[in-house]
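Below is one structure; the comments refer to it alone.
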Amino acid sequence: MNSALAAALDSQSDDSERLLAALADHGVFVPVQASGSVLFATGADGGPAIPGFVSEACCADQLPQAAGAVHCDVLRLLDIAKQTGVDMLSLHSFGGWARVPVPLLRRAMRERGRDAAGEWLQLRPSTHALAIALRQALVRRIAEFPAIRTVWVSNARWRDTGMEHLMLHFAVDEPIPSPSVKRLMDVLLTEEVEIGEEDPQLGTLALNTKTHAGNLAELETLGLDPVRAPRPKRWWRRS
């Protein structure tokens with residue numbers, strides 16, 4: 001259950017940043033038909049909307065005609081919107097609801113520095129001292145976080161504004177949002193790397209090795225310098 005989003009919706013406040021942060025961090029449950037396709041809702045303007053519920057139980061209660069509900073993180077929501085052309089989200093909790101235009105969610109994601117492998121970003125290798133320090137620290141610490149398989153540190157340039165910063169993409173074997181990524185970043189920034197006032201800002205994005213396999217395959221083609229988790233040693237027994 002997305003408890004943060006439920007609290008934001010139940011309160012019916014005008015705090016759009018709080019709502020968007022909860023949506024971006026924890027996703028929603030999208031109703032599907034028996035065929036597996038999305039069961040769209042009708043918006044206030046009569047047009048289609050992508051419905052999202054804070055939990056499976058909430059979906060079953062408010063939309064009993066749905067065959068089930070699938071948890072979608074924000075990348076999957078944006079992909080559904082892109083593939084279907086539906087640009088409105090309809091979010092529901094047991095005690096409230098809100099409409100969120102997809103362009104507003106995209107803008108919020110840009111401001112948070114999170115994106116897939118290049119839809120809004122141009123990624124290239126970075127030789128900045130901070131990028132080098134991060135890669136070296138990752139080599140030392142990645143083995144402590146078994147769910148993290150690969151990390152790419154790159155220079156990221158927003159195509160629409162030209163702004164640049166450093167971006168860390170994580171391939172993880174656990175659901176998104178990834179607790180391992182948060183713990184690793186806490187370790188890097190408190191124990192390994194000191195960020196100065198003149199250093200670029202950092203953005204992070206966790207990608208699941210199965211759900212976001214296409215995005216990860218694209219990252220592999222960009223010529224970035226990956227830091228990979230060490231493979232477990234194999235012990236051979238002589239007969």
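Residues are named by chain letter and number: chains run A, B, ... in the order of the structure tokens, numbers start at 1 in each chain, and ligands are numbered from 1 in the order shown.
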Could you list, as a ChimeraX atom specification, every residue within 8 Å of Ile176 (chain A), counting only C-alpha atoms and ignoring same-chain residues fewer than 6 positions away? /A:26,73,206-208
I'd like the contact shell of region 132-148 of chain A - 8 Å cut-off, only C-alpha atoms, skipping same-chain residues fewer than 5 positions apart - returned as a VMD selection string. chain A and resid 126 to 127 153 170 to 174 180 to 181 184 188 192 to 193 227 to 230
Going by DSSP on the backbone, which bits of region 15-236 of chain A are helix (DSSP H, G or I)? Write them as a PyMOL selection string, please. chain A and resi 16-26+56-62+74-84+102-112+129-144+179-192+213-220
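Of the residues under consideration (A:Val187, A:Ala156, A:Ala131, A:Ala98), A:Ala98 shows the shortest atom-to-atom contact distance to Asp14 (chain A) when counting only C-alpha atoms.
Coordinates place CA of Phe94 (chain A) at a distance of 18.6 Å from CA of Ala49 (chain A).
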What residues in region 85-231 of chain A get the DSSP label strand (DSSP E)? Please answer as number ranges by chain. A: 88-92, 97-101, 121-125, 148-158, 164-172, 202-208, 226-228
Keeping only C-alpha atoms, write those residues as a PDB file, in the first residue's frame.
```pdb
ATOM      1  CA  MET A  88      -4.526  12.206 -17.274  1.00  0.00           C
ATOM      2  CA  LEU A  89      -4.160  10.172 -14.064  1.00  0.00           C
ATOM      3  CA  SER A  90      -7.082   9.625 -11.697  1.00  0.00           C
ATOM      4  CA  LEU A  91      -5.759   8.744  -8.227  1.00  0.00           C
ATOM      5  CA  HIS A  92      -7.919   7.219  -5.489  1.00  0.00           C
ATOM      6  CA  TRP A  97      -9.142  11.368  -4.945  1.00  0.00           C
ATOM      7  CA  ALA A  98      -7.209  13.685  -7.254  1.00  0.00           C
ATOM      8  CA  ARG A  99      -6.586  14.207 -10.956  1.00  0.00           C
ATOM      9  CA  VAL A 100      -2.964  14.583 -12.058  1.00  0.00           C
ATOM     10  CA  PRO A 101      -2.055  15.583 -15.637  1.00  0.00           C
ATOM     11  CA  LEU A 121      18.400  13.128 -20.793  1.00  0.00           C
ATOM     12  CA  GLN A 122      21.525  12.930 -22.882  1.00  0.00           C
ATOM     13  CA  LEU A 123      23.966  10.689 -21.023  1.00  0.00           C
ATOM     14  CA  ARG A 124      27.694  10.479 -21.583  1.00  0.00           C
ATOM     15  CA  PRO A 125      30.752   9.335 -19.604  1.00  0.00           C
ATOM     16  CA  ILE A 148      22.352  -3.907  -6.462  1.00  0.00           C
ATOM     17  CA  ARG A 149      23.820  -5.481  -9.584  1.00  0.00           C
ATOM     18  CA  THR A 150      25.261  -2.551 -11.574  1.00  0.00           C
ATOM     19  CA  VAL A 151      25.691   1.210 -11.191  1.00  0.00           C
ATOM     20  CA  TRP A 152      26.398   3.708 -13.975  1.00  0.00           C
ATOM     21  CA  VAL A 153      27.705   7.191 -13.123  1.00  0.00           C
ATOM     22  CA  SER A 154      27.320   9.603 -16.024  1.00  0.00           C
ATOM     23  CA  ASN A 155      27.059  13.223 -17.021  1.00  0.00           C
ATOM     24  CA  ALA A 156      23.394  13.991 -17.681  1.00  0.00           C
ATOM     25  CA  ARG A 157      22.206  16.900 -19.805  1.00  0.00           C
ATOM     26  CA  TRP A 158      18.519  17.802 -19.974  1.00  0.00           C
ATOM     27  CA  GLU A 164      23.676  19.319 -16.536  1.00  0.00           C
ATOM     28  CA  HIS A 165      24.356  17.213 -13.447  1.00  0.00           C
ATOM     29  CA  LEU A 166      25.704  13.794 -12.499  1.00  0.00           C
ATOM     30  CA  MET A 167      23.332  10.846 -12.728  1.00  0.00           C
ATOM     31  CA  LEU A 168      23.547   7.453 -11.033  1.00  0.00           C
ATOM     32  CA  HIS A 169      21.498   4.639 -12.568  1.00  0.00           C
ATOM     33  CA  PHE A 170      21.143   1.478 -10.458  1.00  0.00           C
ATOM     34  CA  ALA A 171      20.164  -1.994 -11.703  1.00  0.00           C
ATOM     35  CA  VAL A 172      18.518  -3.742  -8.761  1.00  0.00           C
ATOM     36  CA  LEU A 202      23.438  14.317  -8.131  1.00  0.00           C
ATOM     37  CA  GLY A 203      20.389  12.502  -9.479  1.00  0.00           C
ATOM     38  CA  THR A 204      19.578   8.831  -8.880  1.00  0.00           C
ATOM     39  CA  LEU A 205      17.296   6.302 -10.542  1.00  0.00           C
ATOM     40  CA  ALA A 206      16.761   2.666  -9.582  1.00  0.00           C
ATOM     41  CA  LEU A 207      15.721   0.258 -12.353  1.00  0.00           C
ATOM     42  CA  ASN A 208      14.523  -3.283 -11.745  1.00  0.00           C
ATOM     43  CA  PRO A 226      29.646   0.597 -15.167  1.00  0.00           C
ATOM     44  CA  VAL A 227      30.495  -0.591 -11.686  1.00  0.00           C
ATOM     45  CA  ARG A 228      29.288  -4.180 -11.343  1.00  0.00           C
TER      46      ARG A 228
END
```
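Among the candidates A:Arg76, A:Arg183, A:Asp45, A:Phe53, the residue lying nearest to Leu9 (chain A) is A:Phe53 (atoms considered: only C-alpha atoms).
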Which residues, written as a tab-separated table (two decimals) with N, CA, C and O atoms, in the first residue's frame, have at least one atom at most 6 Å from region 70-72 of chain A, with only C-alpha atoms counted and residues fewer than 2 positions away on the same chain left out?
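The new file part_21.tsv reads:
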```tsv
chain	number	residue	atom	x	y	z
A	27	GLY	N	4.56	4.75	-6.43
A	27	GLY	CA	3.68	4.24	-7.47
A	27	GLY	C	2.25	4.02	-7.00
A	27	GLY	O	1.85	4.42	-5.89
A	28	VAL	N	1.46	3.37	-7.85
A	28	VAL	CA	0.05	3.09	-7.56
A	28	VAL	C	-0.33	1.73	-8.13
A	28	VAL	O	0.45	1.11	-8.87
A	29	PHE	N	-1.53	1.28	-7.79
A	29	PHE	CA	-2.07	0.03	-8.32
A	29	PHE	C	-3.07	0.38	-9.43
A	29	PHE	O	-4.05	1.08	-9.19
A	30	VAL	N	-2.78	-0.11	-10.62
A	30	VAL	CA	-3.60	0.20	-11.79
A	30	VAL	C	-4.51	-0.99	-12.09
A	30	VAL	O	-4.05	-2.13	-12.19
A	76	ARG	N	6.59	3.02	-15.28
A	76	ARG	CA	5.57	2.24	-15.99
A	76	ARG	C	4.34	3.10	-16.26
A	76	ARG	O	3.71	2.98	-17.31
```
